[in-house]
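Everything below belongs to protein_30.txt, which stores compact mmCIF, C-alpha atoms and all ligand atoms.
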# COMPACT_ATOMS: atom_id res chain seq x y z
CA MET A 29 85.88 95.59 91.40
CA GLN A 30 89.00 97.67 90.74
CA LYS A 31 92.18 95.63 90.93
CA ARG A 32 94.29 96.08 94.03
CA LEU A 33 97.87 97.14 93.48
CA ILE A 34 100.73 95.39 95.23
CA ILE A 35 104.07 97.07 94.66
CA ALA A 36 107.37 95.43 95.54
CA ASN A 37 110.10 97.92 96.39
CA TRP A 38 113.28 95.84 96.34
CA LYS A 39 115.39 98.90 97.25
CA MET A 40 119.14 98.07 96.80
CA ASN A 41 118.57 94.29 96.77
CA PRO A 42 119.35 91.52 95.87
CA LEU A 43 123.07 91.61 95.17
CA SER A 44 123.25 89.40 92.08
CA GLN A 45 121.49 89.11 88.76
CA LYS A 46 120.94 85.43 89.42
CA GLU A 47 119.11 86.04 92.69
CA ALA A 48 117.07 88.84 91.13
CA GLU A 49 115.98 86.68 88.20
CA HIS A 50 115.12 83.80 90.50
CA LEU A 51 112.97 85.99 92.74
CA PHE A 52 111.21 87.50 89.75
CA GLU A 53 110.51 84.09 88.19
CA VAL A 54 109.13 82.62 91.43
CA VAL A 55 106.77 85.57 91.86
CA LYS A 56 105.73 85.45 88.20
CA LYS A 57 104.88 81.77 88.47
CA GLY A 58 103.12 82.20 91.79
CA ILE A 59 100.65 84.83 90.59
CA LYS A 60 99.32 83.01 87.55
CA GLU A 61 95.91 82.43 89.13
CA ILE A 62 95.61 85.86 90.70
CA GLU A 63 92.70 87.91 89.37
CA ASN A 64 92.08 90.82 91.69
CA VAL A 65 95.62 92.11 92.13
CA GLU A 66 98.09 93.80 89.82
CA THR A 67 101.62 93.14 91.04
CA VAL A 68 104.36 95.66 90.27
CA ILE A 69 108.01 94.71 90.77
CA CYS A 70 110.39 97.63 91.27
CA PRO A 71 113.94 96.24 91.20
CA PRO A 72 117.20 98.21 90.96
CA PHE A 73 117.58 99.68 87.44
CA ILE A 74 120.28 97.21 86.44
CA TYR A 75 117.93 94.23 86.56
CA LEU A 76 115.05 95.75 84.61
CA LEU A 77 116.07 94.62 81.15
CA SER A 78 116.42 91.00 82.12
CA PHE A 79 112.80 90.82 83.36
CA LYS A 80 110.87 90.33 80.18
CA LEU A 81 107.11 90.27 80.59
CA GLN A 82 104.76 88.43 78.28
CA PRO A 83 102.18 90.85 76.85
CA ALA A 84 99.44 88.50 78.08
CA SER A 85 100.60 88.75 81.67
CA SER A 86 100.94 92.50 81.63
CA LYS A 87 97.62 93.00 83.39
CA ILE A 88 98.69 90.99 86.39
CA LEU A 89 102.40 91.76 86.49
CA ALA A 90 104.18 95.01 85.67
CA LEU A 91 107.60 96.52 86.12
CA GLY A 92 108.44 99.72 87.92
CA ALA A 93 111.56 101.71 88.79
CA GLN A 94 112.49 103.22 92.15
CA ASN A 95 113.38 106.69 90.85
CA CYS A 96 113.96 108.72 87.71
CA HIS A 97 115.32 112.09 86.59
CA TRP A 98 113.16 115.20 86.14
CA GLU A 99 114.39 115.74 82.58
CA GLN A 100 113.89 113.43 79.63
CA LYS A 101 117.56 113.52 78.57
CA GLY A 102 120.76 115.48 78.94
CA ALA A 103 124.03 115.87 80.81
CA TYR A 104 123.07 114.31 84.15
CA THR A 105 125.87 111.92 85.03
CA GLY A 106 124.77 108.79 86.81
CA ASP A 107 121.05 109.38 86.40
CA ILE A 108 118.26 107.75 84.43
CA SER A 109 115.58 109.20 82.19
CA PRO A 110 111.89 108.29 82.52
CA LEU A 111 111.92 107.67 78.76
CA MET A 112 114.65 105.06 79.22
CA LEU A 113 112.49 103.39 81.85
CA ARG A 114 109.50 103.31 79.52
CA GLU A 115 111.76 101.86 76.82
CA SER A 116 112.94 99.19 79.29
CA GLY A 117 109.39 97.97 79.82
CA CYS A 118 108.49 99.94 82.96
CA GLN A 119 104.94 101.07 83.49
CA TYR A 120 105.43 102.55 86.94
CA VAL A 121 108.03 104.58 88.81
CA ILE A 122 108.27 105.29 92.55
CA ILE A 123 108.72 109.01 93.16
CA GLY A 124 109.60 110.78 96.41
CA HIS A 125 110.27 107.75 98.58
CA SER A 126 111.23 108.89 102.10
CA GLU A 127 114.70 107.36 101.65
CA ARG A 128 115.24 109.56 98.58
CA ARG A 129 113.99 112.58 100.49
CA LYS A 130 116.28 111.79 103.42
CA TYR A 131 119.51 110.54 101.82
CA PHE A 132 119.37 112.41 98.50
CA GLY A 133 117.80 115.65 99.67
CA GLU A 134 114.77 115.39 97.40
CA THR A 135 112.40 118.29 97.99
CA ASP A 136 108.69 118.61 97.23
CA GLU A 137 109.58 120.91 94.31
CA LEU A 138 111.93 118.33 92.80
CA ILE A 139 109.36 115.59 93.34
CA ASN A 140 106.80 117.72 91.50
CA LYS A 141 109.20 117.98 88.53
CA LYS A 142 109.82 114.23 88.57
CA LEU A 143 106.08 113.51 88.64
CA LYS A 144 105.60 115.70 85.59
CA SER A 145 108.53 114.20 83.67
CA SER A 146 107.44 110.63 84.40
CA LEU A 147 103.86 111.37 83.31
CA ARG A 148 105.21 112.98 80.13
CA ALA A 149 107.16 109.79 79.44
CA GLY A 150 103.99 107.69 79.79
CA LEU A 151 104.81 106.19 83.20
CA ARG A 152 102.46 105.91 86.18
CA PRO A 153 104.17 107.55 89.15
CA ILE A 154 103.76 106.12 92.63
CA LEU A 155 104.00 109.22 94.80
CA CYS A 156 105.23 108.49 98.35
CA ILE A 157 104.20 110.76 101.19
CA GLY A 158 104.27 110.36 104.95
CA GLU A 159 105.17 111.95 108.26
CA GLU A 160 108.19 111.22 110.46
CA THR A 161 106.28 110.98 113.74
CA ARG A 162 102.59 110.74 114.41
CA ASP A 163 100.08 111.57 117.13
CA THR A 164 102.59 113.21 119.45
CA PHE A 165 102.10 116.26 121.67
CA ASP A 166 104.06 119.43 122.38
CA SER A 167 105.38 120.30 125.85
CA ARG A 168 101.99 121.77 126.78
CA GLY A 169 100.13 118.63 125.78
CA ARG A 170 98.71 120.04 122.55
CA PRO A 171 98.48 117.58 119.61
CA LEU A 172 101.01 118.24 116.86
CA ASN A 173 98.81 116.74 114.08
CA GLU A 174 101.89 115.68 112.13
CA MET A 175 100.06 113.37 109.73
CA SER A 176 97.67 115.97 108.36
CA LEU A 177 100.26 118.77 108.31
CA VAL A 178 102.98 116.80 106.53
CA VAL A 179 100.80 114.71 104.23
CA GLY A 180 98.71 117.76 103.26
CA GLU A 181 101.74 119.86 102.41
CA GLN A 182 103.61 117.09 100.57
CA LEU A 183 100.55 116.22 98.51
CA GLU A 184 99.67 119.78 97.55
CA LYS A 185 103.24 120.66 96.59
CA ALA A 186 103.83 117.44 94.66
CA LEU A 187 100.63 117.85 92.66
CA ASP A 188 101.11 121.52 91.84
CA GLY A 189 100.24 122.04 88.16
CA ILE A 190 99.13 118.44 87.58
CA SER A 191 95.91 118.55 85.62
CA LEU A 192 92.61 116.86 86.32
CA GLY A 193 93.21 114.77 83.22
CA ARG A 194 96.45 113.28 84.60
CA ILE A 195 95.80 112.80 88.31
CA ARG A 196 94.23 109.35 87.86
CA ASP A 197 97.55 108.12 86.43
CA ILE A 198 99.19 108.78 89.78
CA VAL A 199 99.13 106.30 92.66
CA VAL A 200 99.47 107.86 96.11
CA ALA A 201 101.42 105.78 98.65
CA TYR A 202 100.92 106.66 102.31
CA GLU A 203 104.18 105.59 103.92
CA PRO A 204 104.51 106.84 107.49
CA ILE A 205 108.27 107.00 108.04
CA TRP A 206 107.97 105.82 111.65
CA ALA A 207 106.41 102.58 110.43
CA ILE A 208 108.90 101.78 107.64
CA SER A 209 111.28 98.83 108.15
CA THR A 210 110.56 98.48 111.86
CA ASN A 211 112.10 95.32 113.21
CA ASP A 212 110.39 95.50 116.56
CA GLY A 213 106.88 94.62 115.46
CA ARG A 214 105.80 98.29 115.53
CA SER A 215 103.50 99.08 112.63
CA CYS A 216 100.80 101.51 111.67
CA LEU A 217 97.38 100.51 113.01
CA PRO A 218 94.76 100.02 110.30
CA ILE A 219 92.66 102.77 111.90
CA SER A 220 95.58 105.22 111.56
CA ALA A 221 96.07 104.16 107.93
CA MET A 222 92.33 104.64 107.37
CA GLN A 223 92.52 108.19 108.76
CA ALA A 224 95.40 108.99 106.41
CA ASN A 225 93.51 107.43 103.49
CA LEU A 226 90.47 109.62 104.15
CA PHE A 227 92.63 112.68 104.64
CA ILE A 228 94.39 112.09 101.30
CA LYS A 229 91.00 111.70 99.56
CA LYS A 230 89.83 114.93 101.18
CA ILE A 231 92.84 116.84 99.86
CA LEU A 232 92.35 115.31 96.40
CA SER A 233 88.67 116.36 96.50
CA LYS A 234 89.74 119.88 97.32
CA LEU A 235 92.41 120.00 94.60
CA TYR A 236 90.31 118.25 91.93
CA ASN A 237 86.85 116.96 92.77
CA ARG A 238 85.17 114.25 94.79
CA GLN A 239 84.61 111.88 91.91
CA ILE A 240 88.25 112.04 90.81
CA ALA A 241 89.42 111.66 94.41
CA GLY A 242 87.47 108.41 94.59
CA GLN A 243 89.26 107.11 91.51
CA VAL A 244 92.86 107.82 92.54
CA LYS A 245 94.49 104.72 94.00
CA VAL A 246 95.83 105.15 97.52
CA VAL A 247 98.11 102.40 98.84
CA TYR A 248 99.76 101.81 102.21
CA GLY A 249 103.44 101.05 102.86
CA GLY A 250 105.45 100.43 106.03
CA SER A 251 106.39 97.04 107.52
CA VAL A 252 103.66 95.17 105.69
CA ASN A 253 103.83 91.40 106.11
CA ALA A 254 101.59 88.39 105.54
CA LYS A 255 100.00 88.84 108.98
CA ASN A 256 98.96 92.48 108.73
CA ALA A 257 98.50 92.92 104.93
CA GLU A 258 94.78 92.16 104.81
CA SER A 259 93.93 94.60 107.57
CA TYR A 260 95.12 97.54 105.46
CA ILE A 261 92.72 96.50 102.71
CA LYS A 262 89.75 95.38 104.79
CA GLU A 263 89.89 97.85 107.66
CA ALA A 264 91.79 100.82 106.24
CA GLY A 265 90.14 100.64 102.80
CA MET A 266 93.46 100.91 100.99
CA ASP A 267 93.62 100.13 97.26
CA GLY A 268 96.86 98.26 97.67
CA LEU A 269 100.24 97.99 99.38
CA LEU A 270 103.83 99.09 98.86
CA ILE A 271 106.12 96.46 100.30
CA GLY A 272 109.84 96.60 101.04
CA ALA A 273 111.49 93.85 103.09
CA ALA A 274 108.70 91.29 102.74
CA SER A 275 108.85 91.55 98.93
CA LEU A 276 112.35 90.02 98.97
CA ASN A 277 110.99 86.81 100.44
CA ALA A 278 109.07 85.13 97.62
CA SER A 279 106.88 82.90 99.78
CA GLU A 280 105.94 85.73 102.19
CA PHE A 281 105.26 88.07 99.25
CA LEU A 282 103.08 85.50 97.45
CA LYS A 283 101.15 84.90 100.67
CA ILE A 284 100.42 88.63 100.86
CA ILE A 285 99.26 88.74 97.24
CA LYS A 286 96.97 85.74 97.72
CA ARG A 287 95.44 87.15 100.89
CA VAL A 288 94.79 90.53 99.30
CA ASN A 289 93.38 88.82 96.21
CA ASN A 290 90.71 87.22 98.39
CA SER A 291 89.91 90.14 100.68
CA PHE A 292 87.14 92.68 100.46
CA TYR A 293 86.52 95.99 102.18
CA GLU A 294 84.78 95.79 105.52
CA ASN A 295 84.51 99.57 105.70
CA PRO A 296 84.49 101.13 102.27
CA PRO A 297 86.12 104.55 102.87
CA ARG A 298 83.62 107.43 102.84
CA PHE A 299 84.88 110.95 102.58
P1 LIG B 1 109.21 98.04 104.43
O1 LIG B 1 109.51 99.18 103.33
O2 LIG B 1 108.06 97.23 103.89
O3 LIG B 1 110.50 97.26 104.52
O4 LIG B 1 108.87 98.76 105.69
C1 LIG B 1 108.50 99.87 102.70
C2 LIG B 1 109.08 100.98 101.89
O5 LIG B 1 110.03 101.63 102.34
O6 LIG B 1 108.62 101.26 100.76
Will you turn the file into structure tokens for me?
Ligand code: PGA
Amino acid sequence: MQKRLIIANWKMNPLSQKEAEHLFEVVKKGIKEIENVETVICPPFIYLLSFKLQPASSKILALGAQNCHWEQKGAYTGDISPLMLRESGCQYVIIGHSERRKYFGETDELINKKLKSSLRAGLRPILCIGEETRDTFDSRGRPLNEMSLVVGEQLEKALDGISLGRIRDIVVAYEPIWAISTNDGRSCLPISAMQANLFIKKILSKLYNRQIAGQVKVVYGGSVNAKNAESYIKEAGMDGLLIGAASLNASEFLKIIKRVNNSFYENPPRF
């Protein structure tokens, strides 16, 4: 069985080095017996160098960054090169998160450049895509099909010029914006995540081929917690999860990892 991927997106948290190191150490200790999950911690850049991984644990625990520049080096004040991330022990980098698209004006074209530069640097990009609203209707009652329109366009533009030989190094994260950080219990139903999963595989089959599409990891992100985590694996057939808020709570995060470690697909996705 392919390992599931559980990615912690700490965003701009926690506020001190001490808290960050503590959280990292608790997670590291807690996953020692985990066999079926690779955990990726994506902290703010400033903490990366203090999280040293043992080579032996690298198959169960890896480091990732939350962003990188589209060039390898140069006069880009305040930014960070994918080569620096690789040098700092990162194996992964999140690219095109909806918060970067919204607050930093990242476009599909820019995201495409970042994907290419991170691949060139030897990183595995985690490409985030997702619609702002879903399953709504226009004033005449016609479905707007936002998921397929937005996800299709974002995926095709992001992957422009990325070869068949490199696509398997990319992880696709379906993160419907309407389901991210909801505090009111609203979340994406597993069936809706399953539809997006199949749609993403269909686009990948069209852009590459069916066999490759089956090998690209597709993960789900948006208000995942210990209660709903398993359903995205078992019912939606996802290869893993991208977790924000719940990854800052070590015991909740470890619960998620343990549940996913022991869960199997009920409906293997067919596309
Ligand atoms: P959330 O964040 O789990 O807090 O909804 C997910 C994300 O934005 O990656």
Counting all atoms listed in the file, what residues are within 8 Å of ligand LIG 1 (chain B), given as a ChimeraX atom specification? /A:36-37,39,125-127,203,207-210,249-253,270-275
Separation of CA of Ala254 in chain A from CA of Lys56 in chain A in Å: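 Going from CA of Lys56 in chain A over to CA of Ala254 in chain A, I get 18.1 Å.
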Two-atom distance - CA of Lys185 in chain A, CA of Leu226 in chain A (Å):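 Taking CA of Lys185 in chain A and CA of Leu226 in chain A, their separation equals 18.5 Å.
Residues lying within 12 Å of range 162-176 of chain A, counting all atoms listed in the file and ignoring same-chain neighbours fewer than 5 positions away, are Ile157, Glu181, Gln182, Leu183, Glu184, Tyr202, Glu203, Pro204, Ile205, Trp206, Ala207, Ser215, Cys216, Leu217, Ser220, Ala221, Met222, Gln223, Ala224, Asn225, Leu226, Phe227, Ile228, Lys229, Lys230 and Ile231 of chain A.
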Using all atoms listed in the file, list the residues that have an atom at most 9 Å from (90.2, 99.7, 95.1), coordinates as in the file, as an mmCIF file with C-alpha atoms, keeping the file's coordinate frame.
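What ended up in result_16.cif:
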data_model
loop_
_atom_site.group_PDB
_atom_site.id
_atom_site.type_symbol
_atom_site.label_atom_id
_atom_site.label_comp_id
_atom_site.auth_asym_id
_atom_site.auth_seq_id
_atom_site.Cartn_x
_atom_site.Cartn_y
_atom_site.Cartn_z
ATOM 1 C CA MET A 29 85.880 95.590 91.400
ATOM 2 C CA GLN A 30 89.000 97.670 90.740
ATOM 3 C CA LYS A 31 92.180 95.630 90.930
ATOM 4 C CA ARG A 32 94.290 96.080 94.030
ATOM 5 C CA LEU A 33 97.870 97.140 93.480
ATOM 6 C CA GLN A 243 89.260 107.110 91.510
ATOM 7 C CA VAL A 244 92.860 107.820 92.540
ATOM 8 C CA LYS A 245 94.490 104.720 94.000
ATOM 9 C CA VAL A 246 95.830 105.150 97.520
ATOM 10 C CA ILE A 261 92.720 96.500 102.710
ATOM 11 C CA GLY A 265 90.140 100.640 102.800
ATOM 12 C CA MET A 266 93.460 100.910 100.990
ATOM 13 C CA ASP A 267 93.620 100.130 97.260
ATOM 14 C CA GLY A 268 96.860 98.260 97.670
ATOM 15 C CA TYR A 293 86.520 95.990 102.180
#
Distance table requested - range 123-191 of chain A against range 60-79 of chain A, cut-off 12 Å, all atoms listed in the file: one row per qualifying residue with the closest atom pair and its distance in Å to one decimal, ordered by chain and rising residue number, as a Markdown table.
| residue | atom | partner | partner_atom | distance |
| --- | --- | --- | --- | --- |
| A:Ile123 | CA | A:Cys70 | CA | 11.7 |
| A:Arg152 | CA | A:Val68 | CA | 11.2 |
| A:Pro153 | CA | A:Cys70 | CA | 11.9 |
| A:Ile154 | CA | A:Val68 | CA | 10.7 |
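Taking CA of Gly242 in chain A as the reference point, CA of Thr161 in chain A is found at 27.0 Å.
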Taking into account only C-alpha atoms, which residue in the set A:Leu151, A:Tyr131, A:Ile285, A:Pro218 is nearest to Leu89 in chain A?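 Among the listed residues, the smallest separation from Leu89 in chain A belongs to A:Ile285.
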A:Lys46, A:Phe292, A:Val178, A:Leu235 ranked by distance to Tyr260 in chain A, top pick (using all atoms listed in the file):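 Ranking A:Lys46, A:Phe292, A:Val178, A:Leu235 by distance to Tyr260 in chain A, first place goes to A:Phe292.
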Residue with smallest distance to Val288 in chain A - pool A:Glu258, A:Gly92, A:Lys144, A:Ala264, counting all atoms listed in the file: A:Glu258
For Lys142 in chain A, work out the shell of residues within 10 Å, counting all atoms listed in the file and skipping chain neighbours fewer than 3 positions away, then give it as a list in words.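 Listed by chain and then number, they are Asn95, Cys96, His97, Trp98, Glu99, Gln100, Ser109, Pro110, Val121, Ile122, Ile123, Gly124, Asp136, Glu137, Leu138, Ile139, Ser145, Ser146, Leu147, Arg148, Pro153, Leu155 and Ala186 of chain A.
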Give the answer as one residue: which of A:Leu269, A:Ile240, A:Ile219, A:Arg214 has the shortest atom-to-atom distance to Ile195 in chain A, using all atoms listed in the file? A:Ile240
